[in-house]
Amino acid sequence: MAFKLGHQTPSIHAVNTPPPMPTSSQSRVEAGPSDVWPPAKQSEPETDRSGLAEAEFVAFGTVKLYLRLLGSEILEMVKMKAVKLVPLILAVVLFMGHGSCASFTPVDNYLIACGSSKSFTFQGRTFVPDSDHSSLVLKTGNSSVSSSNSSVPPPIYQSARIFVGMGSYKFKIEQEGRHWVRLYFYPLPKSGQNLNSASMSVITDNIVLLNNFTFKNYNGSYMFKEYAINVTSDTLTLTFIPSNNSVAFINAIEVVSIPDLVLPDQALAVNPTSTVSGLSELALETVYRLNMGGPLLTALNDTLGRTWENDVKYLHVNSSAANVSVSPSNIKYPAGVTPEVAPNLVYATAETMEDPNVPIVNFNLTWVFSVDPSFMYLVRVHFCDIVSKSLNSLVFNLFINSDIALASLDLSSLTAGLNIPYYRDFVSNSSAGSNTLTVSVGPDIMADTRNAIMNGLEIMKINNKAGSLDGLLSVESFRPSSPSKKISIGIIVGSIVGAAAVMALIVLCCCCLVARKSKTTQQGHPWLPLPLYGNSQTMTKMSTTSQKSATASCISLSSTSLDNSTNHIPGIPLTPLEPFDNSVSMIDGVNSGTEDDGEDAATSAVFSQCPVKGIGKWSSWPGEYLKRA
């Protein structure tokens, strides 16, 4: 608004018509050394003093009026400008109160619209088609795209890429470290495929994200999955694998860098109590992220694009909690805690006890969550004392399952003030013998004020030893073997089989040699003709031809191995035989009365010492034997 001095000038000149107002330089010259306005009176002749004084008075009054009018106009202009600047001032205040929304700029920031032919904006961010991204390598194999013209699903779910065979996205990574990997799934109804019954698996370079997932077993129309993956190379590959002769599909993908201080490397295990290290090297899956007592928060409210849902449906008893809130501008982040840990909108709302003075001594606020009992979980709790009027007045306990995680927690003593965010990390599994995980807060029985508070909660699944976040199979179980790998496996298997065959042949030969040697040892040296009477080297008359033949086979021996004096093998003892009495039969003890019978008895004595089958058997070698009964 311009100031029009001409509207007021006629009234001034009507009262007095002074000469024109002197310029500043003229006034200062007339004023002399004093350099002030109005000028000091000079020593003038009496006749001129009155005229000069009147002129000075008129000039001074005119200047005062000009200044008054000018000041009023300037003040009015300032007021008008201030009114116009109010929205800008408020925006700046809110911006400062909510924290720096642009404080973190991710180095890697892929927002991919799979199968889409055009870019679109979703929750304040722009997603680009997967076929137009220069830093993305898409290996589709046999794939197709599908889109919907309906406005019912959000734009991020209106297109999809469908894989009939294995397909992958390879992202170029500028900065190693943790990255958000977010997957969006929606089975488009008119895609040419029955996506509701599609069964698929999704893997990264070394982590299994989904294992045989199908919408038939999912209770919902849309599915959103968020993972925190530690990338240790300059690329990240997401592979989609159809299962059971089905297809795989994906609607949208995010791969975004995570600030180093957002997720921990260490946490406190609850049962048993110990410190768990190395979490930064593991993969995490966001299972629950809650804004206690507050509304749904999306990427529009979170600098890292996270989603925080309201906690009411997880409360064990809805009526046990009361919502409290303050202005987000009241939240004061301490050193080491930034809005990237959690937005101030999370810390500005909370759930407290509806009736802190309830007569039940162990009354707690409890949230119940369904989990997979075969996995461990990272549990992050967010606190901010927005209810106390003074320090050290809010003291409470934190429980995870039935174990106490923090006892007598006094937030103001830890933060040295009120409205200051505080968070802690724990590692736990499900409750014993169940598939639920519970988190509770309750007042400390020794506290002056019986109350408890919680502002936010995050529960993230930790990958198992197989490197999986879904099932027990590793990444290698999903990848087809390459031809060179098959050849290597064949060579290894063939070598093992050949070595086993050679060892078996060697063992068989050794067994044969041992058996042959044992047989030779058992046969020993042939028996010598035993002296019946004195040193006779020949046998007399045999009773029958068959007996002679058998006897001959027992006594055959090379003469070179005989002792000339005793006609037997050295080292083998001989049992001396008494002379036979021809009058007594050695067979039945009856006197036969004939010479031939006596000779037959002698021959039988010889056979009794010969190891011929059917005649005698060994009891030991060398040694005695048992005669046939």
# chains A, B, ... in the order shown; residues from 1 in each chain; ligands from 1

call {"tool": "residues_around", "arguments": {"residues": "range 274-279 of chain A", "least_positions_apart": "3", "cutoff": "9 Å", "atoms": "only C-alpha atoms", "output": "count of residues only"}}
result
15

call {"tool": "residues_around", "arguments": {"residues": "Tyr347 in chain A", "least_positions_apart": "3", "cutoff": "7 Å", "atoms": "only C-alpha atoms", "output": "JSON, numbers by chain"}}
result
{"A": [344, 383, 384, 421, 455]}

call {"tool": "residues_around", "arguments": {"residues": "Ser131 in chain A", "least_positions_apart": "6", "cutoff": "12 Å", "atoms": "only C-alpha atoms", "output": "list of chain:residue names"}}
result
A:Ile112, A:Ala113, A:Cys114, A:Gly115, A:Ser116, A:Ser117, A:Lys118, A:Ser119, A:Val137, A:Leu138, A:Lys139, A:Thr140, A:Val145, A:Arg161, A:Tyr169

call {"tool": "write_last_selection", "arguments": {"atoms": "all heavy atoms", "output": "JSON list (two decimals), in the first residue's frame"}}
result
[["chain", "number", "residue", "atom", "x", "y", "z"],
["A", 112, "ILE", "N", 10.14, -48.41, -7.70],
["A", 112, "ILE", "CA", 9.90, -49.07, -8.97],
["A", 112, "ILE", "C", 8.43, -49.47, -9.09],
["A", 112, "ILE", "O", 7.88, -50.16, -8.21],
["A", 112, "ILE", "CB", 10.79, -50.32, -9.11],
["A", 112, "ILE", "CG1", 12.26, -49.96, -8.87],
["A", 112, "ILE", "CG2", 10.60, -50.95, -10.48],
["A", 112, "ILE", "CD1", 12.80, -48.91, -9.81],
["A", 113, "ALA", "N", 7.81, -49.06, -10.18],
["A", 113, "ALA", "CA", 6.45, -49.47, -10.51],
["A", 113, "ALA", "C", 6.55, -50.62, -11.51],
["A", 113, "ALA", "O", 6.83, -50.41, -12.70],
["A", 113, "ALA", "CB", 5.67, -48.30, -11.11],
["A", 114, "CYS", "N", 6.35, -51.83, -11.03],
["A", 114, "CYS", "CA", 6.56, -53.02, -11.85],
["A", 114, "CYS", "C", 5.43, -53.19, -12.86],
["A", 114, "CYS", "O", 4.25, -53.19, -12.49],
["A", 114, "CYS", "CB", 6.66, -54.26, -10.96],
["A", 114, "CYS", "SG", 7.96, -54.15, -9.71],
["A", 115, "GLY", "N", 5.80, -53.35, -14.11],
["A", 115, "GLY", "CA", 4.82, -53.57, -15.16],
["A", 115, "GLY", "C", 4.08, -52.33, -15.59],
["A", 115, "GLY", "O", 3.21, -52.41, -16.48],
["A", 116, "SER", "N", 4.37, -51.18, -15.01],
["A", 116, "SER", "CA", 3.65, -49.96, -15.34],
["A", 116, "SER", "C", 4.28, -49.29, -16.56],
["A", 116, "SER", "O", 5.47, -49.44, -16.82],
["A", 116, "SER", "CB", 3.66, -48.99, -14.16],
["A", 116, "SER", "OG", 2.99, -47.79, -14.47],
["A", 117, "SER", "N", 3.45, -48.57, -17.30],
["A", 117, "SER", "CA", 3.94, -47.85, -18.47],
["A", 117, "SER", "C", 4.17, -46.37, -18.20],
["A", 117, "SER", "O", 4.64, -45.65, -19.07],
["A", 117, "SER", "CB", 2.94, -48.00, -19.62],
["A", 117, "SER", "OG", 1.67, -47.48, -19.24],
["A", 118, "LYS", "N", 3.86, -45.92, -16.99],
["A", 118, "LYS", "CA", 4.01, -44.50, -16.67],
["A", 118, "LYS", "C", 4.34, -44.34, -15.19],
["A", 118, "LYS", "O", 4.09, -45.24, -14.36],
["A", 118, "LYS", "CB", 2.74, -43.74, -17.00],
["A", 118, "LYS", "CG", 1.51, -44.25, -16.25],
["A", 118, "LYS", "CD", 0.25, -43.49, -16.66],
["A", 118, "LYS", "CE", -0.97, -44.01, -15.91],
["A", 118, "LYS", "NZ", -2.20, -43.29, -16.30],
["A", 119, "SER", "N", 4.89, -43.21, -14.85],
["A", 119, "SER", "CA", 5.21, -42.89, -13.46],
["A", 119, "SER", "C", 3.95, -42.43, -12.73],
["A", 119, "SER", "O", 2.99, -41.96, -13.35],
["A", 119, "SER", "CB", 6.28, -41.80, -13.40],
["A", 119, "SER", "OG", 7.46, -42.21, -14.04],
["A", 137, "VAL", "N", 18.71, -53.60, -13.74],
["A", 137, "VAL", "CA", 18.76, -54.65, -14.75],
["A", 137, "VAL", "C", 17.63, -55.61, -14.48],
["A", 137, "VAL", "O", 17.56, -56.25, -13.42],
["A", 137, "VAL", "CB", 20.12, -55.39, -14.73],
["A", 137, "VAL", "CG1", 20.12, -56.52, -15.75],
["A", 137, "VAL", "CG2", 21.25, -54.41, -15.00],
["A", 138, "LEU", "N", 16.72, -55.74, -15.44],
["A", 138, "LEU", "CA", 15.55, -56.60, -15.31],
["A", 138, "LEU", "C", 15.74, -57.84, -16.16],
["A", 138, "LEU", "O", 15.85, -57.74, -17.39],
["A", 138, "LEU", "CB", 14.28, -55.85, -15.71],
["A", 138, "LEU", "CG", 12.99, -56.65, -15.78],
["A", 138, "LEU", "CD1", 12.65, -57.25, -14.42],
["A", 138, "LEU", "CD2", 11.84, -55.78, -16.29],
["A", 139, "LYS", "N", 15.81, -58.99, -15.52],
["A", 139, "LYS", "CA", 15.88, -60.27, -16.22],
["A", 139, "LYS", "C", 14.54, -60.96, -16.04],
["A", 139, "LYS", "O", 14.26, -61.54, -14.99],
["A", 139, "LYS", "CB", 17.02, -61.12, -15.67],
["A", 139, "LYS", "CG", 18.40, -60.52, -15.91],
["A", 139, "LYS", "CD", 19.50, -61.43, -15.39],
["A", 139, "LYS", "CE", 20.88, -60.83, -15.65],
["A", 139, "LYS", "NZ", 21.97, -61.71, -15.15],
["A", 140, "THR", "N", 13.73, -60.87, -17.08],
["A", 140, "THR", "CA", 12.35, -61.34, -16.94],
["A", 140, "THR", "C", 12.17, -62.79, -17.32],
["A", 140, "THR", "O", 11.23, -63.43, -16.87],
["A", 140, "THR", "CB", 11.43, -60.48, -17.82],
["A", 140, "THR", "OG1", 11.84, -60.60, -19.19],
["A", 140, "THR", "CG2", 11.50, -59.03, -17.41],
["A", 145, "VAL", "N", 3.07, -58.25, -18.41],
["A", 145, "VAL", "CA", 2.65, -57.16, -17.55],
["A", 145, "VAL", "C", 1.13, -57.11, -17.55],
["A", 145, "VAL", "O", 0.47, -57.57, -18.47],
["A", 145, "VAL", "CB", 3.23, -55.81, -18.01],
["A", 145, "VAL", "CG1", 4.74, -55.83, -17.92],
["A", 145, "VAL", "CG2", 2.78, -55.48, -19.42],
["A", 161, "ARG", "N", 4.08, -57.06, -12.71],
["A", 161, "ARG", "CA", 4.85, -57.87, -13.64],
["A", 161, "ARG", "C", 4.71, -59.32, -13.20],
["A", 161, "ARG", "O", 4.92, -59.66, -12.03],
["A", 161, "ARG", "CB", 6.33, -57.46, -13.66],
["A", 161, "ARG", "CG", 7.14, -58.25, -14.68],
["A", 161, "ARG", "CD", 8.50, -57.64, -14.93],
["A", 161, "ARG", "NE", 8.40, -56.33, -15.57],
["A", 161, "ARG", "CZ", 8.23, -56.15, -16.89],
["A", 161, "ARG", "NH1", 8.11, -57.18, -17.70],
["A", 161, "ARG", "NH2", 8.19, -54.92, -17.37],
["A", 169, "TYR", "N", 15.36, -58.76, -10.50],
["A", 169, "TYR", "CA", 15.71, -57.35, -10.60],
["A", 169, "TYR", "C", 17.09, -57.19, -9.95],
["A", 169, "TYR", "O", 17.28, -57.60, -8.81],
["A", 169, "TYR", "CB", 14.71, -56.46, -9.86],
["A", 169, "TYR", "CG", 13.35, -56.36, -10.50],
["A", 169, "TYR", "CD1", 12.35, -57.28, -10.22],
["A", 169, "TYR", "CD2", 13.06, -55.31, -11.38],
["A", 169, "TYR", "CE1", 11.09, -57.17, -10.80],
["A", 169, "TYR", "CE2", 11.80, -55.19, -11.96],
["A", 169, "TYR", "CZ", 10.83, -56.13, -11.67],
["A", 169, "TYR", "OH", 9.59, -56.01, -12.25]]

call {"tool": "closest_residue", "arguments": {"among": "A:Ser474, A:Asn435, A:Ser221, A:Ser144", "to": "Pro373 in chain A", "atoms": "only C-alpha atoms"}}
result
A:Asn435

call {"tool": "decode", "arguments": {"residues": "range 232-244 of chain A", "atoms": "N, CA and C atoms", "output": "PDB file, in the first residue's frame"}}
result
ATOM      1  N   THR A 232      26.297 -56.023   1.152  1.00  0.00           N
ATOM      2  CA  THR A 232      27.756 -55.979   1.309  1.00  0.00           C
ATOM      3  C   THR A 232      28.488 -55.971  -0.030  1.00  0.00           C
ATOM      4  N   SER A 233      27.790 -55.666  -1.108  1.00  0.00           N
ATOM      5  CA  SER A 233      28.427 -55.585  -2.430  1.00  0.00           C
ATOM      6  C   SER A 233      27.835 -54.394  -3.174  1.00  0.00           C
ATOM      7  N   ASP A 234      28.249 -54.218  -4.433  1.00  0.00           N
ATOM      8  CA  ASP A 234      27.776 -53.073  -5.206  1.00  0.00           C
ATOM      9  C   ASP A 234      26.502 -53.379  -5.981  1.00  0.00           C
ATOM     10  N   THR A 235      25.888 -54.534  -5.742  1.00  0.00           N
ATOM     11  CA  THR A 235      24.620 -54.869  -6.371  1.00  0.00           C
ATOM     12  C   THR A 235      23.729 -55.599  -5.379  1.00  0.00           C
ATOM     13  N   LEU A 236      22.440 -55.533  -5.616  1.00  0.00           N
ATOM     14  CA  LEU A 236      21.446 -56.282  -4.855  1.00  0.00           C
ATOM     15  C   LEU A 236      20.471 -56.892  -5.852  1.00  0.00           C
ATOM     16  N   THR A 237      20.306 -58.205  -5.779  1.00  0.00           N
ATOM     17  CA  THR A 237      19.440 -58.914  -6.714  1.00  0.00           C
ATOM     18  C   THR A 237      18.231 -59.482  -5.982  1.00  0.00           C
ATOM     19  N   LEU A 238      17.047 -59.189  -6.497  1.00  0.00           N
ATOM     20  CA  LEU A 238      15.800 -59.778  -6.009  1.00  0.00           C
ATOM     21  C   LEU A 238      15.309 -60.762  -7.059  1.00  0.00           C
ATOM     22  N   THR A 239      15.133 -62.016  -6.658  1.00  0.00           N
ATOM     23  CA  THR A 239      14.729 -63.069  -7.580  1.00  0.00           C
ATOM     24  C   THR A 239      13.352 -63.589  -7.198  1.00  0.00           C
ATOM     25  N   PHE A 240      12.470 -63.698  -8.205  1.00  0.00           N
ATOM     26  CA  PHE A 240      11.102 -64.175  -8.014  1.00  0.00           C
ATOM     27  C   PHE A 240      10.979 -65.539  -8.686  1.00  0.00           C
ATOM     28  N   ILE A 241      10.576 -66.548  -7.901  1.00  0.00           N
ATOM     29  CA  ILE A 241      10.592 -67.929  -8.363  1.00  0.00           C
ATOM     30  C   ILE A 241       9.190 -68.520  -8.251  1.00  0.00           C
ATOM     31  N   PRO A 242       8.559 -68.878  -9.364  1.00  0.00           N
ATOM     32  CA  PRO A 242       7.258 -69.553  -9.285  1.00  0.00           C
ATOM     33  C   PRO A 242       7.411 -70.950  -8.674  1.00  0.00           C
ATOM     34  N   SER A 243       6.405 -71.368  -7.932  1.00  0.00           N
ATOM     35  CA  SER A 243       6.418 -72.685  -7.289  1.00  0.00           C
ATOM     36  C   SER A 243       5.227 -73.494  -7.767  1.00  0.00           C
ATOM     37  N   ASN A 244       5.402 -74.815  -7.784  1.00  0.00           N
ATOM     38  CA  ASN A 244       4.310 -75.745  -8.090  1.00  0.00           C
ATOM     39  C   ASN A 244       3.673 -75.447  -9.450  1.00  0.00           C
TER      40      ASN A 244
END
